[in-house]
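Undergrad: Submitted below is the structure of interest, expressed as structure tokens.
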Amino acid sequence: MVLVVLDHDGSKLRKSALEGVTRGRKLAEVLGGDVVGLLIGPGADAVAEEAKNYVSKVFTVTGADFETYTAEKWAKAAQAAAAAAGAKAVVAPASRTGRSWTPRLAYKLDAALLEDTLDSWAEGDKVFATRYSFLNRVLEKQAAGLPAVISVKPNTTPLAEPAGAGTVEPLSVELGELERKVEVLEKIVESGGKVSLTEADVVVTGGRGMGSAEAFEMIEEFADLLGGAVGATRAVIDAGWRPYSEQIGQTGKTVQPTIYFALALSGAVQHQAGMNKSKVVVAVNKDPDAPIFKESDYGVVGDVHQVLPAMIEEVKKLKSA
Amino acid sequence: MALDFSLTDEQKQLQQLARRFAREQVAPVAKENDEQARVPWELVEQLYEIGLLNISVPEAAGGLGLGLVEEVIIGEELGWADMGFYTIPMASELGITPILLAGSEEQQKRFLGPLTERPSLASFALSEPGNGSDAAALRTRAVRDGDHYVISGTKMWISNAKEADFNVVFATLNPEMRHKGVIAIVVENDREGVSFNKIHGKMGQRAAPTYEIIYDDVRVPAENLLGDEQSGFKIAMLTLDKTRIPVAAGSVGVARRALDEAAKYALEREAFGRPIADFQAIQFKLANMKIGLETARIYTLYAAWLADRGDPAHISASAVAKAYASEIAFEAANEAIQTLGGYGYVNDFPVEKLLRDVKLNQIYEGTNEIQRIIIARDILRALK
Amino acid sequence: MKYVAIIRQVPDGESKIKVEGGQVDLSGTTMILDQMDEYAVEEIIRLKEQHDGEAVVVAFGPERTEEAMRTALAMGADRGVLITAAGYVDPITQAAALAKVLAEEAPDVVFTGGQQADWDSQALGSATAEALGWPVITWTTAFELEDGKAKATHDLDEGAEVVRVELPAVFTAQQGLNEPRYPTLPGIMKAKKKEIKKIDAAELGVGGSKVEIVEQQIMELERKVKIIDGTKEPAAAAAELIKLLHEEAKVL
């Protein structure tokens, strides 16, 4: 039995949930048993109507206790579902929150944690996974016994197709003292960014060389034009021009879009760790010696304040053609 | 089993700290400071904050009491990032050393103590417009007047002179006596009659402040005299015997930078269908840089080790290190420019600055010609 | 009060990673205190400076991890505890050993980096919190000690939130929490005399690893490195770029 924890936005499943189901099904083929799902939090009951088409059973955990996320609560809910399902393997998304609660679950289950995996499969009673390490520069293959908790890196796995109707089973999870120790005081919703960075096909990142917060308006325009997301380097965050959620790099987010635009940024190793698996990298910088050029497919040496507006015009022309 | 070429754990940590500071703070602003001939006082402050400034100040005066080996470790790292910047802390040690060698305990506390309390510099004023190598021919006059000396004259090519708290000034009570008439006296910058003219148009090391100092009948208390009225020249020479070693360390840093930049470029630049690093002509250049830098580094550490042990062999060893390191570094910078071709000739790339900077290492703190006189004297004295 | 930072020693980001016989070979590589763990060390030193108490660094790793501990001590931590074990040990297993040491130390707060630069794992803080039975707040960007509690701001998937947590608790740190200080030379010299207690993981009843690294290979994508000069005619360069992206790369 394999449990897949399904991420949702309150009304429908996220892409990562369907990636998780694909992984879950692959594991269940070898380990045996069904694939069951778990939905936690507000809207789980509604989303269950969609989710039940992908798995044989969907557990839902809702109620006042699960209105807001904490790592302790989500790990407890997953533990309850895993026990109820008799699951040998648990699949979850490797989102920021996913990567916060899955280690707790692994410890609870005395399970191996295969973290932020590119792929995962089973052979006999062992599970295997591939993932990146050393700041995204090394590809490694890991092996572990059961039970195992596997988190799935976004944008790595084909989305599952529906496979018949399963059942929905509300699961009651009692919170203990530990789960009541964190009180959420305030949510800080960030303005910018209509497209989620980790799911975007196009990312346009600006560095310190953009010169000001205002200069990012051009970047937003370009990203909008391409249906992409805006990213920023550590230096830009430090300068207070963009929010933390847009930071790409070792201490920020890791992205793997089809095109990554690196504008007016030098390309330090810590930044590259966050984007070096992008399919096509395009750099614009006035310094011909900037390290980013060596890690780019295409580059323009020049002043970004002149080159970018021209790029915007060219893309507009291309779109209308 | 005595011979041991390894650094202690603390020295390795020091090296890691200096390397990180050099890479993260000094290197990124080196080009701008060079172009603008700007003294990066904020870097001096940071150097002070992390404890790498004026490290030779004795513990009794509130300092770390560290030696030349530690200075050399720091010097190579800062020299790698910006030789011009490195001259600032290096010249400060140059100003501290006479006081270490000849100052009384009271003078050490009085002059060196304040250097540990806030970011501040010392300075050494020997050269004049009319004499550099012929130090004994200096013309700055000192006249005894009661319990003061009155200092008059002009000093030239003095690093840190204005930014420092004080200059150790070498002046003569009697020019006819040549070196026997020279005194070493600490002259604080805020005394009346002291003025500075910044020297502009330097070829390199433009982040380092260099001045002409004019002493116009400056009254200095006799308590500021280092040693006695006959010891000035000796103090100057003993000082330079030691302080030329960090110059060598800075040169090693420049040579290493030249090699780093040339090798990096050679792996990327293609000609005739392959990276130029495949060609023997380029490989030989890189190998020669390595030969020079490795031998200069080890010899500089050796000279520092001798000096820290008080071994008189350091006098000749420091001259060997200073002359040799500056020459291999100049050659390395030259070959780095050659490797980068046209790109080596423009200031978008960091190598042309290396040549402009390290040329001075062959001139200051005793020209390489003077170093050879010191080495020859040592050879011949042993045979007489 | 007692504040603990869990640290890890990793290769210097500038180092080139070598693979030998299907495994990463770190011999000859410069190793440093992980930069993300530095935020953790800086935070415990600040807490000690502001509220008094003891700042302790704890680590699980091979003997050479001691060098990274010395760096933390040179920054200003008071003493260290190193649980030694050779080879790769997964974060869940490490958490069991760390929890034993931390239960005995009984700190008020534990900080660690959000992710470390060798294993690229974000798990250690959370797993250790679970092993201790404490809450965890990941990706912390602001922290304020209150009486028996702490107020913190941390990142979620989208946006951030402000929480109040009952102590003791674990917090994982990232850029924005503070500006880590450089170690100082006087700090390096003082650190020589500070205590680093070493405990073999086996002594704590912890051994092996739940996860085995079967194989590692360098995975760096070859880039075209096609550079266009846009210094004189930026508009023309932009046009050429977009044309290449459309016709050659076929991504636009």
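Ordered as shown in the structure tokens, chains take letters A, B, and onward, while each chain numbers its residues from 1 and ligands are numbered from 1 in the order shown.
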Excluding stretch 267-277 of chain B and any residue of its chain fewer than 3 positions from it, enumerate the residues within 10 Å of it, using only C-alpha atoms, and give them as a VMD selection string.

TA: (chain A and resid 294) or (chain B and resid 262 to 264 280 to 284 286 339 to 340)

Undergrad: For chain A, work out the contacting residues on chain C at 7 Å, counting only C-alpha atoms, and write them as an NGL selection string.

TA: :C and (13-14 or 92 or 117-120 or 122-123 or 126-127 or 130-131 or 133-135 or 138 or 156-166 or 174-175 or 210-220 or 223-231 or 234-235 or 237-239 or 242)

Undergrad: Using only C-alpha atoms, find each residue in chain B having at least one atom no more than 12 Å away from chain A; report its shortest atom-to-atom pair and that distance in Å (one decimal), rows by chain then rising number, as a tab-separated table.

TA:
```
residue	atom	partner	partner_atom	distance
B:Glu24	CA	A:Ala268	CA	11.4
B:Pro28	CA	A:Ser266	CA	11.4
B:Glu261	CA	A:Asp289	CA	10.9
B:Lys264	CA	A:Asp289	CA	11.0
B:Tyr265	CA	A:Asp289	CA	9.8
B:Leu267	CA	A:Lys294	CA	11.3
B:Glu268	CA	A:Lys294	CA	8.5
B:Arg269	CA	A:Lys294	CA	11.1
B:Tyr343	CA	A:Asp289	CA	10.1
B:Gly344	CA	A:Asp289	CA	11.8
B:Val346	CA	A:Pro288	CA	11.9
B:Asn347	CA	A:Asp289	CA	11.1
B:Asp348	CA	A:Asp287	CA	7.5
B:Phe349	CA	A:Asp289	CA	7.1
B:Pro350	CA	A:Asp289	CA	9.6
```

Undergrad: I need the strand (DSSP E or B) residues of stretch 141-372 of chain B per DSSP on the backbone, written as a PyMOL selection string.

TA: chain B and resi 141-145+148-159+166-172+182-188+194-198+210-221+225-226+270-271+274-275

Undergrad: Could the residues of chain B within 12 Å of chain C, counting only C-alpha atoms, be given as JSON, numbers by chain, please?

TA: {"B": [8, 9, 10, 11, 12, 13, 14, 15, 16, 17, 18, 19, 20, 21, 22, 23, 24, 25, 46, 47, 48, 49, 50, 51, 52, 53, 54, 55, 59, 62, 63, 64, 65, 66, 70, 71, 74, 116, 268, 269]}

Undergrad: Run DSSP on the backbone of this structure and report the residues of stretch 63-241 of chain C it assigns to helix (DSSP H, G or I), as a PyMOL selection string.

TA: chain C and resi 65-75+91-105+124-132+185-191+201-204+234-241

Undergrad: Go ahead and save the picked residues with N, CA and C atoms, as a compact mmCIF listing (two decimals), in the first residue's frame.

TA:
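New file part.txt:
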```
# COMPACT_ATOMS: atom_id res chain seq x y z
N THR C 65 35.08 17.50 10.85
CA THR C 65 34.05 18.50 11.16
C THR C 65 34.53 19.44 12.26
N GLU C 66 35.50 18.98 13.03
CA GLU C 66 36.05 19.82 14.10
C GLU C 66 36.51 21.17 13.56
N GLU C 67 37.07 21.20 12.32
CA GLU C 67 37.54 22.47 11.76
C GLU C 67 36.38 23.46 11.62
N ALA C 68 35.24 22.98 11.18
CA ALA C 68 34.08 23.86 11.03
C ALA C 68 33.59 24.33 12.40
N MET C 69 33.72 23.46 13.40
CA MET C 69 33.34 23.84 14.76
C MET C 69 34.24 24.95 15.25
N ARG C 70 35.53 24.85 14.95
CA ARG C 70 36.48 25.88 15.39
C ARG C 70 36.11 27.22 14.77
N THR C 71 35.62 27.19 13.52
CA THR C 71 35.20 28.44 12.88
C THR C 71 34.04 29.04 13.67
N ALA C 72 33.08 28.19 14.05
CA ALA C 72 31.93 28.68 14.83
C ALA C 72 32.40 29.21 16.18
N LEU C 73 33.35 28.55 16.78
CA LEU C 73 33.89 29.02 18.06
C LEU C 73 34.63 30.34 17.86
N ALA C 74 35.33 30.45 16.73
CA ALA C 74 36.06 31.69 16.45
C ALA C 74 35.09 32.84 16.19
N MET C 75 33.89 32.53 15.73
CA MET C 75 32.86 33.56 15.54
C MET C 75 32.36 34.06 16.89
N PRO C 91 19.88 12.12 7.32
CA PRO C 91 19.44 13.05 8.36
C PRO C 91 18.51 12.43 9.42
N ILE C 92 17.69 11.44 9.06
CA ILE C 92 16.79 10.85 10.05
C ILE C 92 17.61 10.11 11.12
N THR C 93 18.63 9.38 10.67
CA THR C 93 19.51 8.68 11.61
C THR C 93 20.28 9.68 12.46
N GLN C 94 20.80 10.72 11.82
CA GLN C 94 21.55 11.73 12.56
C GLN C 94 20.67 12.36 13.64
N ALA C 95 19.40 12.57 13.31
CA ALA C 95 18.50 13.23 14.26
C ALA C 95 18.40 12.44 15.56
N ALA C 96 18.41 11.13 15.48
CA ALA C 96 18.30 10.31 16.68
C ALA C 96 19.49 10.59 17.61
N ALA C 97 20.68 10.65 17.03
CA ALA C 97 21.88 10.89 17.84
C ALA C 97 21.89 12.31 18.38
N LEU C 98 21.55 13.28 17.51
CA LEU C 98 21.54 14.69 17.94
C LEU C 98 20.54 14.88 19.07
N ALA C 99 19.40 14.20 18.96
CA ALA C 99 18.37 14.38 19.99
C ALA C 99 18.88 13.90 21.35
N LYS C 100 19.68 12.84 21.35
CA LYS C 100 20.21 12.35 22.63
C LYS C 100 21.09 13.43 23.27
N VAL C 101 21.97 14.00 22.48
CA VAL C 101 22.87 15.04 23.01
C VAL C 101 22.06 16.27 23.43
N LEU C 102 21.10 16.66 22.58
CA LEU C 102 20.34 17.88 22.86
C LEU C 102 19.41 17.72 24.05
N ALA C 103 18.89 16.51 24.23
CA ALA C 103 18.01 16.29 25.40
C ALA C 103 18.82 16.52 26.67
N GLU C 104 20.07 16.08 26.65
CA GLU C 104 20.92 16.28 27.82
C GLU C 104 21.31 17.73 27.99
N GLU C 105 21.63 18.42 26.86
CA GLU C 105 22.02 19.82 26.93
C GLU C 105 20.86 20.71 27.35
N LEU C 124 17.29 17.99 8.29
CA LEU C 124 17.88 17.77 9.61
C LEU C 124 17.16 18.49 10.75
N GLY C 125 16.81 19.76 10.53
CA GLY C 125 16.14 20.52 11.59
C GLY C 125 14.81 19.88 11.98
N SER C 126 14.00 19.57 10.98
CA SER C 126 12.68 18.97 11.25
C SER C 126 12.79 17.61 11.91
N ALA C 127 13.70 16.78 11.40
CA ALA C 127 13.82 15.43 11.95
C ALA C 127 14.30 15.49 13.40
N THR C 128 15.24 16.39 13.66
CA THR C 128 15.74 16.52 15.03
C THR C 128 14.63 17.02 15.96
N ALA C 129 13.82 17.95 15.46
CA ALA C 129 12.70 18.44 16.28
C ALA C 129 11.76 17.29 16.61
N GLU C 130 11.49 16.46 15.62
CA GLU C 130 10.59 15.31 15.86
C GLU C 130 11.20 14.39 16.90
N ALA C 131 12.49 14.11 16.76
CA ALA C 131 13.17 13.21 17.70
C ALA C 131 13.12 13.76 19.13
N LEU C 132 13.12 15.08 19.26
CA LEU C 132 13.07 15.70 20.58
C LEU C 132 11.64 15.89 21.07
N LEU C 185 40.53 37.24 14.03
CA LEU C 185 41.80 36.60 14.42
C LEU C 185 41.89 36.42 15.93
N PRO C 186 41.54 37.41 16.74
CA PRO C 186 41.51 37.15 18.18
C PRO C 186 40.55 36.01 18.52
N GLY C 187 39.43 35.92 17.79
CA GLY C 187 38.46 34.84 18.00
C GLY C 187 39.07 33.48 17.69
N ILE C 188 39.86 33.42 16.61
CA ILE C 188 40.53 32.18 16.24
C ILE C 188 41.48 31.74 17.35
N MET C 189 42.20 32.72 17.92
CA MET C 189 43.14 32.37 18.97
C MET C 189 42.44 31.93 20.24
N LYS C 190 41.32 32.60 20.55
CA LYS C 190 40.58 32.21 21.77
C LYS C 190 39.94 30.84 21.57
N ALA C 191 39.51 30.55 20.36
CA ALA C 191 38.80 29.30 20.07
C ALA C 191 39.66 28.09 20.36
N ALA C 201 29.24 8.15 17.64
CA ALA C 201 27.80 7.89 17.46
C ALA C 201 27.40 6.54 18.06
N ALA C 202 28.32 5.57 17.95
CA ALA C 202 28.02 4.24 18.50
C ALA C 202 27.76 4.31 19.99
N GLU C 203 28.49 5.21 20.68
CA GLU C 203 28.28 5.36 22.13
C GLU C 203 26.84 5.77 22.43
N LEU C 204 26.20 6.44 21.45
CA LEU C 204 24.83 6.91 21.66
C LEU C 204 23.83 5.88 21.13
N PRO C 234 22.44 47.82 -29.15
CA PRO C 234 21.65 46.93 -28.29
C PRO C 234 20.37 46.42 -28.96
N ALA C 235 19.72 47.26 -29.77
CA ALA C 235 18.48 46.83 -30.40
C ALA C 235 18.72 45.68 -31.36
N ALA C 236 19.79 45.79 -32.14
CA ALA C 236 20.12 44.74 -33.10
C ALA C 236 20.47 43.45 -32.37
N ALA C 237 21.21 43.58 -31.27
CA ALA C 237 21.59 42.40 -30.50
C ALA C 237 20.35 41.72 -29.94
N ALA C 238 19.41 42.54 -29.43
CA ALA C 238 18.18 41.97 -28.87
C ALA C 238 17.41 41.22 -29.96
N ALA C 239 17.36 41.81 -31.13
CA ALA C 239 16.65 41.17 -32.25
C ALA C 239 17.28 39.83 -32.58
N GLU C 240 18.60 39.81 -32.64
CA GLU C 240 19.29 38.56 -32.96
C GLU C 240 19.02 37.51 -31.89
N LEU C 241 19.02 37.95 -30.64
CA LEU C 241 18.79 37.02 -29.53
C LEU C 241 17.41 36.38 -29.64
```

Undergrad: Point out the residue among C:Met31, C:Val109, C:Val19, C:Ala59 with the least atom-to-atom distance to C:Tyr3, counting only C-alpha atoms.

TA: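 Going through C:Met31, C:Val109, C:Val19, C:Ala59 one by one, the smallest distance to C:Tyr3 is for C:Val109.
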
Undergrad: Could you name the residues that touch A:Gly228 at 8 Å or less, counting only C-alpha atoms, but leaving out those on the same chain fewer than 3 positions away, as a list in words?

TA: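 Near A:Gly228, the qualifying residues are Val195, Ala200, Asp201, Val202, Val203, Val204, Ala223, Asp224 and Leu225 of chain A.
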
Undergrad: Mind dumping the selected residues with C-alpha atoms as a compact mmCIF listing (two decimals), in the first residue's frame?

TA:
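again.txt, freshly written:
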```
# COMPACT_ATOMS: atom_id res chain seq x y z
CA VAL A 195 2.84 32.68 -11.63
CA ALA A 200 6.79 28.43 -14.22
CA ASP A 201 8.01 27.56 -17.70
CA VAL A 202 9.72 30.90 -18.05
CA VAL A 203 11.62 32.69 -15.32
CA VAL A 204 13.05 36.19 -15.69
CA ALA A 223 7.77 38.05 -17.65
CA ASP A 224 4.07 38.85 -18.15
CA LEU A 225 4.56 38.88 -21.91
```

Undergrad: Could you name the residues that touch stretch 355-372 of chain B at 6 Å or less, counting only C-alpha atoms, but leaving out those on the same chain fewer than 6 positions away, as a ChimeraX atom specification?

TA: /B:203-205,319,323,326,330,333

Undergrad: Mind dumping the selected residues with C-alpha atoms as a compact mmCIF listing (two decimals), in the first residue's frame?

TA:
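The resulting file, result32.txt, is reproduced below:
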```txt
# COMPACT_ATOMS: atom_id res chain seq x y z
CA MET B 203 50.92 53.81 -12.46
CA GLY B 204 49.37 51.32 -10.06
CA GLN B 205 48.52 50.52 -6.43
CA ALA B 319 66.23 40.49 0.58
CA ALA B 323 63.62 40.77 -4.90
CA SER B 326 58.52 40.86 -7.02
CA PHE B 330 55.98 40.94 -12.57
CA ALA B 333 51.51 39.38 -14.64
```

Undergrad: If we count only C-alpha atoms and set the cut-off at 9 Å, which residues sit around A:Asp65, ignoring sequence neighbours fewer than 5 positions away in its own chain? Please answer as a PyMOL selection string.

TA: chain A and resi 41+73+174-175

Undergrad: Can you tell me which residues surround C:Glu42 at a distance of at most 12 Å, considering only C-alpha atoms, apart from same-chain residues fewer than 2 positions away, and format the answer as a PDB file with C-alpha atoms, in the first residue's frame?

TA:
```
ATOM      1  CA  TYR C   3      21.214  28.319  22.616  1.00  0.00           C
ATOM      2  CA  VAL C   4      22.389  25.610  20.253  1.00  0.00           C
ATOM      3  CA  ALA C   5      23.333  25.713  16.591  1.00  0.00           C
ATOM      4  CA  ILE C   6      23.592  22.456  14.638  1.00  0.00           C
ATOM      5  CA  ILE C   7      26.236  22.827  11.967  1.00  0.00           C
ATOM      6  CA  GLN C  35      27.084  29.106   4.789  1.00  0.00           C
ATOM      7  CA  MET C  36      23.459  28.521   5.684  1.00  0.00           C
ATOM      8  CA  ASP C  37      24.447  27.125   9.086  1.00  0.00           C
ATOM      9  CA  GLU C  38      26.363  30.380   9.610  1.00  0.00           C
ATOM     10  CA  TYR C  39      23.036  32.166  10.057  1.00  0.00           C
ATOM     11  CA  ALA C  40      22.288  29.690  12.831  1.00  0.00           C
ATOM     12  CA  ILE C  44      22.879  31.972  18.841  1.00  0.00           C
ATOM     13  CA  ILE C  45      25.815  34.321  19.392  1.00  0.00           C
ATOM     14  CA  ARG C  46      23.499  37.305  19.145  1.00  0.00           C
ATOM     15  CA  LEU C  47      21.038  35.745  21.568  1.00  0.00           C
ATOM     16  CA  LYS C  48      23.856  35.183  24.026  1.00  0.00           C
ATOM     17  CA  GLU C  49      25.018  38.792  23.591  1.00  0.00           C
ATOM     18  CA  ALA C  55      25.991  29.454  22.826  1.00  0.00           C
ATOM     19  CA  VAL C  56      26.841  25.854  21.964  1.00  0.00           C
ATOM     20  CA  VAL C  57      27.504  24.320  18.554  1.00  0.00           C
ATOM     21  CA  THR C  71      35.202  28.440  12.884  1.00  0.00           C
ATOM     22  CA  ALA C  72      31.929  28.684  14.827  1.00  0.00           C
ATOM     23  CA  LEU C  73      33.887  29.024  18.063  1.00  0.00           C
ATOM     24  CA  ALA C  74      36.062  31.693  16.454  1.00  0.00           C
ATOM     25  CA  MET C  75      32.864  33.563  15.535  1.00  0.00           C
ATOM     26  CA  GLY C  76      31.977  33.553  19.238  1.00  0.00           C
ATOM     27  CA  ALA C  77      30.251  30.323  20.256  1.00  0.00           C
ATOM     28  CA  PHE C 111      18.959  26.760  15.171  1.00  0.00           C
ATOM     29  CA  THR C 112      20.290  25.125  12.052  1.00  0.00           C
ATOM     30  CA  GLY C 113      20.590  26.094   8.395  1.00  0.00           C
ATOM     31  CA  ALA C 173      17.652  29.684   9.331  1.00  0.00           C
ATOM     32  CA  GLN C 174      18.186  31.401   6.025  1.00  0.00           C
ATOM     33  CA  GLN C 175      19.445  34.620   4.573  1.00  0.00           C
ATOM     34  CA  GLY C 176      17.610  37.578   6.022  1.00  0.00           C
ATOM     35  CA  LEU C 177      17.639  36.296   9.594  1.00  0.00           C
ATOM     36  CA  ASN C 178      20.874  38.106  10.289  1.00  0.00           C
ATOM     37  CA  GLU C 179      24.222  39.053   8.753  1.00  0.00           C
ATOM     38  CA  PRO C 180      26.796  36.483   9.905  1.00  0.00           C
ATOM     39  CA  ARG C 181      29.999  37.982  11.261  1.00  0.00           C
ATOM     40  CA  TYR C 182      33.384  36.875  10.031  1.00  0.00           C
ATOM     41  CA  PRO C 183      35.409  34.992  12.595  1.00  0.00           C
TER      42      PRO C 183
END
```

Undergrad: Can you measure atom CA of A:Ala87 to atom CA of A:Met1 for me? One decimal in Å is fine.

TA: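 We find that atom CA of A:Ala87 and atom CA of A:Met1 lie 4.5 Å from each other.
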
Undergrad: Could you check which of B:Asn288, B:Ser316, B:Thr300, B:Asn224 is closest to B:Glu331, using only C-alpha atoms?

TA: B:Asn288
